[in-house]
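**Q** Right, I'll just put the structure down here and ask away after.
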Amino acid sequence: MLLRSLSLFILLFLVAGCTAAKNHTEIAKNSYIKGIVTSISKVNSGYVYTIESTDTSNGKLTSAQGFSSKPCNVGDLVYARLNGAKFDYFAVLVTGFERVQEEPAIIKKHHRTKQNLTVDSVPVVESIEF
């Protein structure tokens with residue numbers, strides 16, 4: 001009896017492991033990327049884009065290269081789903097994203113030392129006339 005329940009448990013464990021592996025391959029097949037377009041090459045029916053990621057949370061790709069018929073420019077922020085060598089979903093979020101970002105503010109530092117301080121003397125005599 002114990003042997004049957006143990007073998008049943010092992011069988012259920014193996015079946016559950018096989019289903020989990022199948023879901024993992026489906027996730028890897030459709031991969032998402034959010035990033036900046038770094039290079040574009042024109043082909044006869046569309047464009048081949050190279051994208052460098054700005055957001056790698058939730059298993060997004062760090063970089064991708066693929067085909068899409070939707071036009072965009074270098075430096076645009078895009079969100080895309082890569083399926084094989086083709087982008088199934090391709091959306092331009094911000095055009096000219098690299099140029100839009102502001103530079104960090106320049107903070108001017110003042111170097112104050114005792115040498116830079118001026119000494120004001122107290123007046124000894126002061127006269128007021130009416």
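Labeling convention for the structure tokens: chains A, B, ... as they appear, residues from 1 per chain, ligands from 1 in order of appearance.
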Need to verify the contact set: A:Asn58, 12 Å, only C-alpha atoms, exclusion of same-chain residues closer than 6 positions in sequence. Can you return it as an MDAnalysis selection string?
**A** chainID A and resid 27 31:34
**Q** Now that the selection is made, can you save its residues with C-alpha atoms as a PDB file, in the first residue's frame?
**A**
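Done, and the output landed in result.pdb:
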```pdb
ATOM      1  CA  ILE A  27       7.254  32.506 -22.170  1.00  0.00           C
ATOM      2  CA  SER A  31       9.625  38.073 -25.442  1.00  0.00           C
ATOM      3  CA  TYR A  32       9.016  41.724 -24.703  1.00  0.00           C
ATOM      4  CA  ILE A  33      11.452  44.644 -24.776  1.00  0.00           C
ATOM      5  CA  LYS A  34      11.198  48.293 -23.815  1.00  0.00           C
TER       6      LYS A  34
END
```
**Q** Set the distance at 8 Å and use only C-alpha atoms: which residues neighbour stretch 75-83 of chain A once local chain neighbours fewer than 5 positions away are removed? I'd like the list as a compact mmCIF listing (two decimals) with all heavy atoms, in the first residue's frame.
**A**
```txt
# COMPACT_ATOMS: atom_id res chain seq x y z
N LYS A 29 9.27 32.11 -25.93
CA LYS A 29 8.95 32.30 -27.35
C LYS A 29 8.49 33.73 -27.62
O LYS A 29 8.90 34.34 -28.59
CB LYS A 29 7.86 31.30 -27.75
CG LYS A 29 7.51 31.35 -29.21
CD LYS A 29 6.45 30.32 -29.52
CE LYS A 29 6.02 30.43 -30.97
NZ LYS A 29 4.93 29.53 -31.27
N ASN A 30 7.61 34.28 -26.80
CA ASN A 30 7.14 35.65 -26.95
C ASN A 30 7.83 36.52 -25.93
O ASN A 30 7.45 36.54 -24.77
CB ASN A 30 5.62 35.73 -26.75
CG ASN A 30 4.90 35.00 -27.85
OD1 ASN A 30 5.37 34.94 -28.97
ND2 ASN A 30 3.75 34.44 -27.54
N SER A 31 8.84 37.26 -26.36
CA SER A 31 9.63 38.07 -25.44
C SER A 31 9.36 39.54 -25.70
O SER A 31 9.25 39.99 -26.84
CB SER A 31 11.11 37.77 -25.62
OG SER A 31 11.34 36.41 -25.35
N TYR A 32 9.29 40.30 -24.63
CA TYR A 32 9.02 41.72 -24.70
C TYR A 32 10.29 42.52 -24.45
O TYR A 32 11.18 42.06 -23.74
CB TYR A 32 7.97 42.11 -23.66
CG TYR A 32 6.60 41.56 -23.97
CD1 TYR A 32 6.22 40.31 -23.50
CD2 TYR A 32 5.70 42.28 -24.73
CE1 TYR A 32 4.97 39.80 -23.78
CE2 TYR A 32 4.45 41.78 -25.01
CZ TYR A 32 4.09 40.54 -24.53
OH TYR A 32 2.85 40.05 -24.82
N ILE A 33 10.34 43.74 -25.00
CA ILE A 33 11.45 44.64 -24.78
C ILE A 33 10.94 46.07 -24.77
O ILE A 33 10.04 46.42 -25.54
CB ILE A 33 12.57 44.46 -25.83
CG1 ILE A 33 13.77 45.36 -25.48
CG2 ILE A 33 12.08 44.75 -27.23
CD1 ILE A 33 15.02 45.00 -26.24
N LYS A 34 11.47 46.86 -23.86
CA LYS A 34 11.20 48.29 -23.82
C LYS A 34 12.56 48.97 -23.85
O LYS A 34 13.37 48.77 -22.95
CB LYS A 34 10.45 48.68 -22.54
CG LYS A 34 10.18 50.15 -22.42
CD LYS A 34 9.48 50.47 -21.13
CE LYS A 34 9.24 51.95 -20.98
NZ LYS A 34 8.64 52.27 -19.67
N GLY A 35 12.80 49.74 -24.91
CA GLY A 35 14.12 50.34 -25.03
C GLY A 35 14.21 51.36 -26.14
O GLY A 35 13.21 51.75 -26.75
N ILE A 36 15.44 51.75 -26.43
CA ILE A 36 15.74 52.79 -27.42
C ILE A 36 16.26 52.13 -28.68
O ILE A 36 17.10 51.24 -28.63
CB ILE A 36 16.78 53.76 -26.85
CG1 ILE A 36 16.23 54.44 -25.60
CG2 ILE A 36 17.18 54.79 -27.87
CD1 ILE A 36 17.24 55.26 -24.85
N VAL A 37 15.77 52.59 -29.83
CA VAL A 37 16.23 52.10 -31.13
C VAL A 37 17.63 52.65 -31.36
O VAL A 37 17.83 53.87 -31.37
CB VAL A 37 15.28 52.53 -32.26
CG1 VAL A 37 15.82 52.08 -33.60
CG2 VAL A 37 13.89 51.97 -32.02
N THR A 38 18.62 51.77 -31.54
CA THR A 38 19.99 52.21 -31.75
C THR A 38 20.41 52.19 -33.20
O THR A 38 21.26 52.98 -33.61
CB THR A 38 20.97 51.34 -30.93
OG1 THR A 38 20.79 49.97 -31.29
CG2 THR A 38 20.73 51.52 -29.45
N ALA A 64 17.58 43.43 -28.42
CA ALA A 64 16.90 42.61 -29.42
C ALA A 64 17.13 43.18 -30.81
O ALA A 64 17.38 44.38 -30.97
CB ALA A 64 15.40 42.55 -29.14
N GLY A 66 15.18 42.71 -34.69
CA GLY A 66 14.08 42.07 -35.38
C GLY A 66 13.51 42.93 -36.48
O GLY A 66 13.89 44.08 -36.67
N ASP A 88 6.01 41.14 -33.41
CA ASP A 88 4.56 41.02 -33.56
C ASP A 88 3.87 42.32 -33.18
O ASP A 88 2.95 42.76 -33.85
CB ASP A 88 4.02 39.91 -32.65
CG ASP A 88 4.37 38.53 -33.18
OD1 ASP A 88 4.76 38.44 -34.34
OD2 ASP A 88 4.24 37.56 -32.41
N TYR A 89 4.30 42.88 -32.07
CA TYR A 89 3.73 44.13 -31.58
C TYR A 89 4.85 45.15 -31.49
O TYR A 89 5.90 44.88 -30.93
CB TYR A 89 3.10 43.91 -30.20
CG TYR A 89 2.55 45.16 -29.58
CD1 TYR A 89 1.34 45.70 -30.00
CD2 TYR A 89 3.23 45.81 -28.57
CE1 TYR A 89 0.83 46.85 -29.43
CE2 TYR A 89 2.73 46.96 -28.00
CZ TYR A 89 1.54 47.47 -28.43
OH TYR A 89 1.04 48.61 -27.87
N PHE A 90 4.66 46.33 -32.08
CA PHE A 90 5.71 47.34 -32.11
C PHE A 90 5.05 48.71 -31.91
O PHE A 90 4.28 49.15 -32.75
CB PHE A 90 6.44 47.30 -33.46
CG PHE A 90 7.71 48.10 -33.49
CD1 PHE A 90 8.89 47.56 -33.03
CD2 PHE A 90 7.71 49.39 -33.97
CE1 PHE A 90 10.06 48.29 -33.06
CE2 PHE A 90 8.87 50.13 -34.01
CZ PHE A 90 10.06 49.57 -33.55
N ALA A 91 5.31 49.36 -30.77
CA ALA A 91 4.69 50.65 -30.46
C ALA A 91 5.77 51.67 -30.14
O ALA A 91 6.68 51.39 -29.35
CB ALA A 91 3.74 50.52 -29.29
N VAL A 92 5.67 52.85 -30.75
CA VAL A 92 6.59 53.95 -30.45
C VAL A 92 5.99 54.72 -29.28
O VAL A 92 4.91 55.29 -29.38
CB VAL A 92 6.78 54.86 -31.67
CG1 VAL A 92 7.69 56.02 -31.32
CG2 VAL A 92 7.32 54.08 -32.85
N LEU A 93 6.70 54.73 -28.14
CA LEU A 93 6.21 55.41 -26.94
C LEU A 93 6.56 56.90 -26.95
O LEU A 93 5.70 57.74 -26.74
CB LEU A 93 6.77 54.75 -25.69
CG LEU A 93 6.43 53.27 -25.50
CD1 LEU A 93 7.10 52.73 -24.26
CD2 LEU A 93 4.93 53.08 -25.41
N VAL A 94 7.84 57.22 -27.19
CA VAL A 94 8.30 58.62 -27.21
C VAL A 94 9.24 58.79 -28.39
O VAL A 94 10.23 58.07 -28.52
CB VAL A 94 9.05 58.98 -25.90
CG1 VAL A 94 9.54 60.41 -25.95
CG2 VAL A 94 8.18 58.76 -24.69
N THR A 95 8.92 59.73 -29.27
CA THR A 95 9.81 60.00 -30.40
C THR A 95 10.94 60.91 -29.92
O THR A 95 10.71 61.88 -29.21
CB THR A 95 9.07 60.67 -31.56
OG1 THR A 95 8.45 61.86 -31.07
CG2 THR A 95 8.02 59.76 -32.15
N GLY A 96 12.15 60.59 -30.31
CA GLY A 96 13.31 61.38 -29.90
C GLY A 96 13.58 61.32 -28.41
O GLY A 96 13.90 62.33 -27.80
N PHE A 97 13.48 60.15 -27.82
CA PHE A 97 13.61 59.99 -26.37
C PHE A 97 14.97 60.42 -25.87
O PHE A 97 15.09 61.05 -24.83
CB PHE A 97 13.34 58.53 -25.98
CG PHE A 97 13.44 58.26 -24.51
CD1 PHE A 97 12.45 58.71 -23.65
CD2 PHE A 97 14.52 57.56 -23.99
CE1 PHE A 97 12.53 58.45 -22.29
CE2 PHE A 97 14.59 57.30 -22.63
CZ PHE A 97 13.60 57.75 -21.79
N GLU A 98 16.04 60.10 -26.60
CA GLU A 98 17.39 60.46 -26.17
C GLU A 98 17.59 61.97 -26.15
O GLU A 98 18.30 62.51 -25.33
CB GLU A 98 18.44 59.81 -27.06
CG GLU A 98 18.56 58.32 -26.83
CD GLU A 98 19.66 57.70 -27.64
OE1 GLU A 98 19.98 58.24 -28.72
OE2 GLU A 98 20.21 56.70 -27.19
N ARG A 99 16.96 62.69 -27.06
CA ARG A 99 17.11 64.13 -27.10
C ARG A 99 16.22 64.83 -26.09
O ARG A 99 16.48 65.93 -25.67
CB ARG A 99 16.80 64.66 -28.49
CG ARG A 99 17.84 64.22 -29.51
CD ARG A 99 17.34 64.52 -30.86
NE ARG A 99 16.23 63.59 -31.10
CZ ARG A 99 15.78 63.23 -32.26
NH1 ARG A 99 16.28 63.73 -33.33
NH2 ARG A 99 14.79 62.37 -32.37
```
**Q** Please extract the residues of stretch 29-112 of chain A with a backbone DSSP assignment of strand (DSSP E or B) and present them as number ranges by chain.
**A** A: 30-43, 46-55, 63-68, 77-83, 86-94
**Q** With N, CA and C atoms retained, write the just-selected residues as a compact mmCIF listing (two decimals), in the first residue's frame.
**A**
```txt
# COMPACT_ATOMS: atom_id res chain seq x y z
N ASN A 30 7.61 34.28 -26.80
CA ASN A 30 7.14 35.65 -26.95
C ASN A 30 7.83 36.52 -25.93
N SER A 31 8.84 37.26 -26.36
CA SER A 31 9.63 38.07 -25.44
C SER A 31 9.36 39.54 -25.70
N TYR A 32 9.29 40.30 -24.63
CA TYR A 32 9.02 41.72 -24.70
C TYR A 32 10.29 42.52 -24.45
N ILE A 33 10.34 43.74 -25.00
CA ILE A 33 11.45 44.64 -24.78
C ILE A 33 10.94 46.07 -24.77
N LYS A 34 11.47 46.86 -23.86
CA LYS A 34 11.20 48.29 -23.82
C LYS A 34 12.56 48.97 -23.85
N GLY A 35 12.80 49.74 -24.91
CA GLY A 35 14.12 50.34 -25.03
C GLY A 35 14.21 51.36 -26.14
N ILE A 36 15.44 51.75 -26.43
CA ILE A 36 15.74 52.79 -27.42
C ILE A 36 16.26 52.13 -28.68
N VAL A 37 15.77 52.59 -29.83
CA VAL A 37 16.23 52.10 -31.13
C VAL A 37 17.63 52.65 -31.36
N THR A 38 18.62 51.77 -31.54
CA THR A 38 19.99 52.21 -31.75
C THR A 38 20.41 52.19 -33.20
N SER A 39 19.82 51.29 -34.01
CA SER A 39 20.16 51.28 -35.44
C SER A 39 18.99 50.73 -36.25
N ILE A 40 18.92 51.22 -37.49
CA ILE A 40 17.85 50.81 -38.42
C ILE A 40 18.48 50.45 -39.74
N SER A 41 18.03 49.33 -40.33
CA SER A 41 18.41 48.99 -41.70
C SER A 41 17.14 48.76 -42.51
N LYS A 42 17.10 49.35 -43.67
CA LYS A 42 15.93 49.26 -44.55
C LYS A 42 16.04 48.00 -45.39
N VAL A 43 14.96 47.22 -45.42
CA VAL A 43 14.84 46.08 -46.33
C VAL A 43 13.64 46.35 -47.22
N GLY A 46 10.18 46.39 -45.21
CA GLY A 46 10.09 46.97 -43.87
C GLY A 46 11.45 47.39 -43.35
N TYR A 47 11.64 47.27 -42.04
CA TYR A 47 12.86 47.73 -41.38
C TYR A 47 13.35 46.67 -40.40
N VAL A 48 14.66 46.61 -40.24
CA VAL A 48 15.27 45.76 -39.23
C VAL A 48 15.81 46.69 -38.14
N TYR A 49 15.31 46.53 -36.92
CA TYR A 49 15.66 47.41 -35.81
C TYR A 49 16.56 46.69 -34.81
N THR A 50 17.49 47.43 -34.24
CA THR A 50 18.28 46.97 -33.11
C THR A 50 17.88 47.84 -31.93
N ILE A 51 17.44 47.19 -30.84
CA ILE A 51 16.92 47.91 -29.69
C ILE A 51 17.74 47.55 -28.45
N GLU A 52 18.17 48.58 -27.71
CA GLU A 52 18.84 48.40 -26.42
C GLU A 52 17.85 48.73 -25.32
N SER A 53 17.74 47.88 -24.33
CA SER A 53 16.71 47.99 -23.31
C SER A 53 16.98 49.12 -22.31
N THR A 54 15.90 49.76 -21.85
CA THR A 54 15.97 50.72 -20.74
C THR A 54 15.27 50.15 -19.51
N ASP A 55 14.50 49.09 -19.68
CA ASP A 55 13.75 48.48 -18.58
C ASP A 55 13.82 46.97 -18.72
N SER A 63 18.47 43.29 -24.94
CA SER A 63 18.64 43.83 -26.29
C SER A 63 17.96 42.88 -27.27
N ALA A 64 17.58 43.43 -28.42
CA ALA A 64 16.90 42.61 -29.42
C ALA A 64 17.13 43.18 -30.81
N GLN A 65 17.02 42.32 -31.80
CA GLN A 65 17.09 42.72 -33.20
C GLN A 65 16.00 41.96 -33.93
N GLY A 66 15.18 42.71 -34.69
CA GLY A 66 14.08 42.07 -35.38
C GLY A 66 13.51 42.93 -36.48
N PHE A 67 12.55 42.37 -37.20
CA PHE A 67 11.93 42.99 -38.37
C PHE A 67 10.56 43.55 -38.01
N SER A 68 10.24 44.73 -38.56
CA SER A 68 8.91 45.30 -38.42
C SER A 68 8.64 46.19 -39.63
N LEU A 77 11.92 55.79 -28.15
CA LEU A 77 11.62 54.80 -27.12
C LEU A 77 10.47 53.94 -27.61
N VAL A 78 10.68 52.61 -27.67
CA VAL A 78 9.67 51.70 -28.21
C VAL A 78 9.39 50.58 -27.22
N TYR A 79 8.23 49.95 -27.40
CA TYR A 79 7.84 48.75 -26.67
C TYR A 79 7.44 47.72 -27.71
N ALA A 80 8.07 46.55 -27.67
CA ALA A 80 7.83 45.58 -28.73
C ALA A 80 7.83 44.16 -28.17
N ARG A 81 7.15 43.27 -28.90
CA ARG A 81 7.16 41.84 -28.58
C ARG A 81 7.85 41.12 -29.72
N LEU A 82 8.92 40.43 -29.42
CA LEU A 82 9.71 39.71 -30.41
C LEU A 82 9.26 38.27 -30.47
N ASN A 83 8.88 37.81 -31.67
CA ASN A 83 8.48 36.43 -31.89
C ASN A 83 9.36 35.90 -33.02
N LYS A 86 10.81 38.46 -35.87
CA LYS A 86 9.87 39.50 -36.26
C LYS A 86 9.20 40.08 -35.01
N PHE A 87 8.96 41.38 -35.03
CA PHE A 87 8.23 42.03 -33.95
C PHE A 87 6.74 41.92 -34.24
N ASP A 88 6.01 41.14 -33.41
CA ASP A 88 4.56 41.02 -33.56
C ASP A 88 3.87 42.32 -33.18
N TYR A 89 4.30 42.88 -32.07
CA TYR A 89 3.73 44.13 -31.58
C TYR A 89 4.85 45.15 -31.49
N PHE A 90 4.66 46.33 -32.08
CA PHE A 90 5.71 47.34 -32.11
C PHE A 90 5.05 48.71 -31.91
N ALA A 91 5.31 49.36 -30.77
CA ALA A 91 4.69 50.65 -30.46
C ALA A 91 5.77 51.67 -30.14
N VAL A 92 5.67 52.85 -30.75
CA VAL A 92 6.59 53.95 -30.45
C VAL A 92 5.99 54.72 -29.28
N LEU A 93 6.70 54.73 -28.14
CA LEU A 93 6.21 55.41 -26.94
C LEU A 93 6.56 56.90 -26.95
N VAL A 94 7.84 57.22 -27.19
CA VAL A 94 8.30 58.62 -27.21
C VAL A 94 9.24 58.79 -28.39
```
**Q** In Å, rounded to a single decimal, give me how far atom CA of A:Gly59 is from atom CA of A:Gly84.
**A**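 It comes out at 16.7 Å.
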**Q** Could you tell me how far atom CA of A:Ala85 sits from atom CA of A:Ser69, in Å to one decimal place?
**A**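 Between atom CA of A:Ser69 and atom CA of A:Ala85 the gap is 12.6 Å.
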**Q** Please report the interatomic distance between atom CA of A:Ser45 and atom CA of A:Val74 in Å with one decimal.
**A**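 It comes out at 18.7 Å.
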